[in-house]
$ cat my_file_25.cif   # mmCIF, N, CA and C atoms
data_data
#
loop_
_atom_site.label_atom_id
_atom_site.label_comp_id
_atom_site.auth_asym_id
_atom_site.auth_seq_id
_atom_site.Cartn_x
_atom_site.Cartn_y
_atom_site.Cartn_z
N MET B 53 61.92 152.44 -29.16
CA MET B 53 62.64 151.20 -29.35
C MET B 53 62.06 150.11 -28.44
N LEU B 54 61.99 150.34 -27.14
CA LEU B 54 61.43 149.34 -26.23
C LEU B 54 59.94 149.15 -26.45
N ALA B 55 59.25 150.23 -26.81
CA ALA B 55 57.80 150.16 -27.00
C ALA B 55 57.43 149.21 -28.14
N GLU B 56 58.35 148.98 -29.06
CA GLU B 56 58.08 148.10 -30.20
C GLU B 56 58.27 146.63 -29.86
N LYS B 57 58.87 146.33 -28.74
CA LYS B 57 59.16 144.95 -28.34
C LYS B 57 58.04 144.38 -27.50
N ASP B 58 57.89 143.06 -27.51
CA ASP B 58 56.90 142.38 -26.67
C ASP B 58 57.59 141.94 -25.38
N LEU B 59 57.93 142.91 -24.55
CA LEU B 59 58.62 142.64 -23.29
C LEU B 59 57.60 142.57 -22.17
N ARG B 60 57.72 141.56 -21.32
CA ARG B 60 56.75 141.37 -20.26
C ARG B 60 57.15 142.07 -18.96
N TYR B 61 58.46 142.25 -18.75
CA TYR B 61 58.91 142.84 -17.50
C TYR B 61 60.32 143.38 -17.67
N ILE B 62 60.53 144.62 -17.23
CA ILE B 62 61.84 145.26 -17.31
C ILE B 62 62.10 145.95 -15.97
N GLU B 63 63.26 145.71 -15.40
CA GLU B 63 63.68 146.43 -14.20
C GLU B 63 64.74 147.43 -14.60
N VAL B 64 64.62 148.65 -14.06
CA VAL B 64 65.55 149.71 -14.42
C VAL B 64 66.16 150.30 -13.16
N ILE B 65 67.49 150.48 -13.17
CA ILE B 65 68.16 151.15 -12.07
C ILE B 65 67.98 152.65 -12.28
N GLY B 66 67.46 153.33 -11.28
CA GLY B 66 67.24 154.77 -11.37
C GLY B 66 65.82 155.10 -10.93
N SER B 67 65.58 156.37 -10.70
CA SER B 67 64.27 156.82 -10.23
C SER B 67 63.23 156.74 -11.35
N LYS B 68 61.96 156.79 -10.98
CA LYS B 68 60.88 156.78 -11.97
C LYS B 68 60.99 157.99 -12.90
N GLN B 69 61.30 159.16 -12.32
CA GLN B 69 61.41 160.38 -13.13
C GLN B 69 62.55 160.27 -14.14
N ARG B 70 63.71 159.82 -13.68
CA ARG B 70 64.87 159.69 -14.57
C ARG B 70 64.60 158.66 -15.66
N THR B 71 64.03 157.53 -15.28
CA THR B 71 63.72 156.48 -16.25
C THR B 71 62.73 156.98 -17.30
N SER B 72 61.70 157.67 -16.85
CA SER B 72 60.70 158.22 -17.77
C SER B 72 61.34 159.20 -18.74
N ARG B 73 62.23 160.04 -18.24
CA ARG B 73 62.92 161.02 -19.08
C ARG B 73 63.85 160.33 -20.08
N LEU B 74 64.63 159.36 -19.61
CA LEU B 74 65.59 158.68 -20.49
C LEU B 74 64.90 157.86 -21.57
N LEU B 75 63.79 157.23 -21.21
CA LEU B 75 63.08 156.39 -22.18
C LEU B 75 62.05 157.18 -22.97
N ASP B 76 61.92 158.47 -22.67
CA ASP B 76 61.00 159.36 -23.37
C ASP B 76 59.55 158.91 -23.25
N PHE B 77 59.15 158.53 -22.01
CA PHE B 77 57.77 158.17 -21.73
C PHE B 77 57.19 159.24 -20.82
N GLY B 78 55.91 159.57 -21.00
CA GLY B 78 55.24 160.44 -20.04
C GLY B 78 55.00 159.64 -18.77
N GLU B 79 54.22 158.60 -18.90
CA GLU B 79 53.95 157.67 -17.81
C GLU B 79 54.56 156.33 -18.20
N LEU B 80 55.25 155.70 -17.24
CA LEU B 80 55.91 154.44 -17.55
C LEU B 80 54.90 153.32 -17.77
N PRO B 81 55.13 152.47 -18.77
CA PRO B 81 54.26 151.31 -18.97
C PRO B 81 54.35 150.37 -17.77
N PHE B 82 53.31 149.57 -17.56
CA PHE B 82 53.25 148.67 -16.40
C PHE B 82 54.38 147.64 -16.41
N GLN B 83 54.97 147.35 -17.56
CA GLN B 83 56.04 146.35 -17.64
C GLN B 83 57.36 146.85 -17.06
N ILE B 84 57.48 148.16 -16.85
CA ILE B 84 58.74 148.72 -16.38
C ILE B 84 58.67 148.96 -14.88
N SER B 85 59.59 148.34 -14.16
CA SER B 85 59.69 148.50 -12.71
C SER B 85 60.94 149.30 -12.39
N THR B 86 60.75 150.40 -11.67
CA THR B 86 61.87 151.24 -11.28
C THR B 86 61.56 151.92 -9.97
N PRO B 87 62.45 152.08 -9.06
CA PRO B 87 63.81 151.58 -9.09
C PRO B 87 63.83 150.06 -8.90
N VAL B 88 64.87 149.44 -9.39
CA VAL B 88 65.01 147.99 -9.38
C VAL B 88 65.14 147.47 -7.95
N GLY B 89 64.60 146.29 -7.70
CA GLY B 89 64.77 145.62 -6.41
C GLY B 89 63.71 145.98 -5.38
N LEU B 90 63.57 145.10 -4.38
CA LEU B 90 62.68 145.37 -3.26
C LEU B 90 63.37 146.31 -2.29
N THR B 91 62.58 147.10 -1.59
CA THR B 91 63.13 148.03 -0.61
C THR B 91 63.41 147.27 0.68
N ILE B 92 64.67 146.87 0.85
CA ILE B 92 65.06 146.12 2.05
C ILE B 92 66.21 146.80 2.77
N GLY B 93 66.54 148.02 2.35
CA GLY B 93 67.66 148.73 2.96
C GLY B 93 69.00 148.12 2.61
N ALA B 94 69.10 147.60 1.40
CA ALA B 94 70.32 146.93 0.97
C ALA B 94 71.51 147.87 0.98
N GLU B 95 72.64 147.34 1.44
CA GLU B 95 73.90 148.07 1.44
C GLU B 95 74.95 147.20 0.78
N GLY B 96 75.57 147.72 -0.24
CA GLY B 96 76.61 146.97 -0.94
C GLY B 96 76.05 146.13 -2.06
N PRO B 97 76.92 145.77 -3.00
CA PRO B 97 76.47 145.04 -4.20
C PRO B 97 75.82 143.70 -3.91
N GLU B 98 76.31 142.97 -2.92
CA GLU B 98 75.75 141.65 -2.64
C GLU B 98 74.29 141.76 -2.19
N GLU B 99 74.00 142.72 -1.31
CA GLU B 99 72.64 142.89 -0.82
C GLU B 99 71.73 143.48 -1.89
N ILE B 100 72.27 144.34 -2.75
CA ILE B 100 71.47 144.89 -3.85
C ILE B 100 71.05 143.79 -4.79
N VAL B 101 71.96 142.86 -5.10
CA VAL B 101 71.62 141.72 -5.96
C VAL B 101 70.51 140.89 -5.32
N ILE B 102 70.58 140.68 -4.02
CA ILE B 102 69.53 139.92 -3.33
C ILE B 102 68.19 140.63 -3.46
N SER B 103 68.17 141.96 -3.32
CA SER B 103 66.90 142.69 -3.43
C SER B 103 66.34 142.60 -4.85
N ILE B 104 67.21 142.61 -5.86
CA ILE B 104 66.77 142.48 -7.26
C ILE B 104 66.20 141.08 -7.51
N LEU B 105 66.92 140.06 -7.06
CA LEU B 105 66.43 138.68 -7.25
C LEU B 105 65.13 138.45 -6.49
N ALA B 106 65.01 139.02 -5.30
CA ALA B 106 63.78 138.88 -4.53
C ALA B 106 62.60 139.49 -5.28
N GLU B 107 62.81 140.64 -5.92
CA GLU B 107 61.73 141.25 -6.70
C GLU B 107 61.36 140.37 -7.90
N LEU B 108 62.35 139.81 -8.58
CA LEU B 108 62.07 138.93 -9.72
C LEU B 108 61.27 137.71 -9.29
N ILE B 109 61.64 137.12 -8.16
CA ILE B 109 60.90 135.97 -7.64
C ILE B 109 59.47 136.36 -7.31
N HIS B 110 59.30 137.51 -6.67
CA HIS B 110 57.97 137.99 -6.31
C HIS B 110 57.10 138.19 -7.55
N VAL B 111 57.63 138.88 -8.56
CA VAL B 111 56.87 139.15 -9.78
C VAL B 111 56.51 137.85 -10.48
N LYS B 112 57.46 136.92 -10.56
CA LYS B 112 57.20 135.64 -11.22
C LYS B 112 56.07 134.90 -10.52
N LYS B 113 56.11 134.84 -9.18
CA LYS B 113 55.06 134.15 -8.44
C LYS B 113 53.71 134.82 -8.60
N MET B 114 53.68 136.15 -8.61
CA MET B 114 52.42 136.87 -8.80
C MET B 114 51.84 136.61 -10.19
N LEU B 115 52.71 136.57 -11.21
CA LEU B 115 52.23 136.31 -12.56
C LEU B 115 51.76 134.86 -12.70
N LEU B 116 52.43 133.93 -12.04
CA LEU B 116 52.00 132.53 -12.09
C LEU B 116 50.63 132.37 -11.43
N LYS B 117 50.40 133.08 -10.33
CA LYS B 117 49.09 133.02 -9.66
C LYS B 117 47.99 133.57 -10.56
N SER B 118 48.32 134.57 -11.35
CA SER B 118 47.30 135.19 -12.22
C SER B 118 47.21 134.51 -13.58
N LYS B 119 48.00 133.45 -13.78
CA LYS B 119 48.01 132.67 -15.02
C LYS B 119 48.48 133.48 -16.22
N VAL B 120 49.27 134.54 -15.99
CA VAL B 120 49.83 135.33 -17.07
C VAL B 120 51.21 134.78 -17.38
N PRO B 121 51.52 134.49 -18.65
CA PRO B 121 52.84 133.96 -18.97
C PRO B 121 53.93 134.95 -18.62
N PHE B 122 55.00 134.48 -17.98
CA PHE B 122 56.09 135.35 -17.54
C PHE B 122 57.10 135.57 -18.64
N LEU B 123 57.58 134.51 -19.23
CA LEU B 123 58.59 134.65 -20.28
C LEU B 123 58.15 134.00 -21.54
#
$ encode --input "my_file_25.cif" --output "structure tokens"
Amino acid sequence: MLAEKDLRYIEVIGSKQRTSRLLDFGELPFQISTPVGLTIGAEGPEEIVISILAELIHVKKMLLKSKVPFL
């Protein structure tokens, strides 16, 4: 289902192994980032949201530097 879509970036909550099993992939495509968020030792929902947004900002800036369209 996801493999048929032209998705540029997907963040998934869960481990790489669990995500691979649930999505039925051997190796995850480069567009899928798991576990979601930057590793900042977040505790609680507010800090987890900050880590997720920080990762999105990072990915967007990296893609802009490489001239790859983000969305």
$ atom_distance --input "my_file_25.cif" --atom1 "atom N of Gly66 in chain B" --atom2 "atom C of Ile84 in chain B"
10.5 Å
$ atom_distance --input "my_file_25.cif" --atom1 "CA of Tyr61 in chain B" --atom2 "CA of Leu105 in chain B"
13.4 Å
$ atom_distance --input "my_file_25.cif" --atom1 "CA of Gln83 in chain B" --atom2 "atom C of Glu107 in chain B"
12.6 Å
$ resolve_selection --input "my_file_25.cif" --expression "the PyMOL selection byres ((chain B and resi 64) around 6.5)" --output "VMD selection string"
chain B and resid 62 to 63 65 to 66 84 to 88
$ write_last_selection --input "my_file_25.cif" --atoms "N, CA and C atoms" --output "mmCIF file, in the frame of the given file"
data_model
loop_
_atom_site.group_PDB
_atom_site.id
_atom_site.type_symbol
_atom_site.label_atom_id
_atom_site.label_comp_id
_atom_site.auth_asym_id
_atom_site.auth_seq_id
_atom_site.Cartn_x
_atom_site.Cartn_y
_atom_site.Cartn_z
ATOM 1 N N ILE B 62 60.530 144.620 -17.230
ATOM 2 C CA ILE B 62 61.840 145.260 -17.310
ATOM 3 C C ILE B 62 62.100 145.950 -15.970
ATOM 4 N N GLU B 63 63.260 145.710 -15.400
ATOM 5 C CA GLU B 63 63.680 146.430 -14.200
ATOM 6 C C GLU B 63 64.740 147.430 -14.600
ATOM 7 N N ILE B 65 67.490 150.480 -13.170
ATOM 8 C CA ILE B 65 68.160 151.150 -12.070
ATOM 9 C C ILE B 65 67.980 152.650 -12.280
ATOM 10 N N GLY B 66 67.460 153.330 -11.280
ATOM 11 C CA GLY B 66 67.240 154.770 -11.370
ATOM 12 C C GLY B 66 65.820 155.100 -10.930
ATOM 13 N N ILE B 84 57.480 148.160 -16.850
ATOM 14 C CA ILE B 84 58.740 148.720 -16.380
ATOM 15 C C ILE B 84 58.670 148.960 -14.880
ATOM 16 N N SER B 85 59.590 148.340 -14.160
ATOM 17 C CA SER B 85 59.690 148.500 -12.710
ATOM 18 C C SER B 85 60.940 149.300 -12.390
ATOM 19 N N THR B 86 60.750 150.400 -11.670
ATOM 20 C CA THR B 86 61.870 151.240 -11.280
ATOM 21 C C THR B 86 61.560 151.920 -9.970
ATOM 22 N N PRO B 87 62.450 152.080 -9.060
ATOM 23 C CA PRO B 87 63.810 151.580 -9.090
ATOM 24 C C PRO B 87 63.830 150.060 -8.900
ATOM 25 N N VAL B 88 64.870 149.440 -9.390
ATOM 26 C CA VAL B 88 65.010 147.990 -9.380
ATOM 27 C C VAL B 88 65.140 147.470 -7.950
#
$ decode --input "my_file_25.cif" --residues "chain B" --atoms "C-alpha atoms" --output "CSV table (one decimal), in the first residue's frame"
chain,number,residue,atom,x,y,z
B,53,MET,CA,0.0,0.0,0.0
B,54,LEU,CA,2.6,2.6,1.0
B,55,ALA,CA,5.1,1.3,-1.6
B,56,GLU,CA,2.6,2.4,-4.3
B,57,LYS,CA,2.5,6.0,-3.1
B,58,ASP,CA,5.0,8.8,-4.0
B,59,LEU,CA,5.8,9.6,-0.4
B,60,ARG,CA,9.0,11.5,0.3
B,61,TYR,CA,9.2,11.1,4.0
B,62,ILE,CA,7.4,9.0,6.7
B,63,GLU,CA,8.1,8.9,10.4
B,64,VAL,CA,6.9,5.8,12.3
B,65,ILE,CA,6.6,5.3,16.0
B,66,GLY,CA,8.2,2.0,16.9
B,67,SER,CA,11.4,0.1,16.4
B,68,LYS,CA,12.9,-0.6,13.0
B,69,GLN,CA,12.3,-4.3,13.4
B,70,ARG,CA,8.6,-3.8,14.4
B,71,THR,CA,8.0,-1.3,11.6
B,72,SER,CA,9.6,-3.6,9.0
B,73,ARG,CA,7.5,-6.5,10.2
B,74,LEU,CA,4.2,-4.5,10.3
B,75,LEU,CA,4.8,-2.9,6.8
B,76,ASP,CA,6.0,-6.2,5.4
B,77,PHE,CA,9.4,-4.9,4.3
B,78,GLY,CA,12.7,-6.8,4.5
B,79,GLU,CA,14.7,-3.6,4.6
B,80,LEU,CA,13.0,-0.3,5.1
B,81,PRO,CA,13.0,2.2,2.2
B,82,PHE,CA,15.0,5.4,2.8
B,83,GLN,CA,11.8,7.5,3.0
B,84,ILE,CA,10.8,5.7,6.3
B,85,SER,CA,12.4,7.1,9.5
B,86,THR,CA,11.9,5.0,12.6
B,87,PRO,CA,11.8,5.4,15.6
B,88,VAL,CA,10.3,8.9,15.2
B,89,GLY,CA,12.0,12.0,16.5
B,90,LEU,CA,15.6,12.9,17.4
B,91,THR,CA,17.2,11.2,20.4
B,92,ILE,CA,17.2,13.9,23.0
B,93,GLY,CA,16.1,11.8,26.0
B,94,ALA,CA,12.6,13.2,25.8
B,95,GLU,CA,10.3,12.5,28.7
B,96,GLY,CA,6.5,13.1,28.4
B,97,PRO,CA,4.4,14.0,25.4
B,98,GLU,CA,5.5,17.6,25.2
B,99,GLU,CA,9.2,16.7,24.9
B,100,ILE,CA,8.4,13.9,22.5
B,101,VAL,CA,6.6,16.3,20.2
B,102,ILE,CA,9.6,18.6,20.3
B,103,SER,CA,11.9,15.7,19.3
B,104,ILE,CA,9.6,14.9,16.4
B,105,LEU,CA,9.4,18.5,15.2
B,106,ALA,CA,13.1,18.9,15.5
B,107,GLU,CA,13.7,15.8,13.3
B,108,LEU,CA,11.2,17.2,10.7
B,109,ILE,CA,13.0,20.6,10.7
B,110,HIS,CA,16.4,18.8,10.3
B,111,VAL,CA,15.2,16.6,7.4
B,112,LYS,CA,13.6,19.6,5.6
B,113,LYS,CA,16.8,21.6,5.9
B,114,MET,CA,18.9,18.7,4.7
B,115,LEU,CA,16.7,18.2,1.7
B,116,LEU,CA,16.7,21.9,0.9
B,117,LYS,CA,20.5,21.9,0.9
B,118,SER,CA,20.5,19.0,-1.5
B,119,LYS,CA,17.9,20.7,-3.7
B,120,VAL,CA,15.6,17.7,-3.4
B,121,PRO,CA,11.9,18.7,-3.2
B,122,PHE,CA,10.4,18.0,0.3
B,123,LEU,CA,6.7,18.1,-0.3
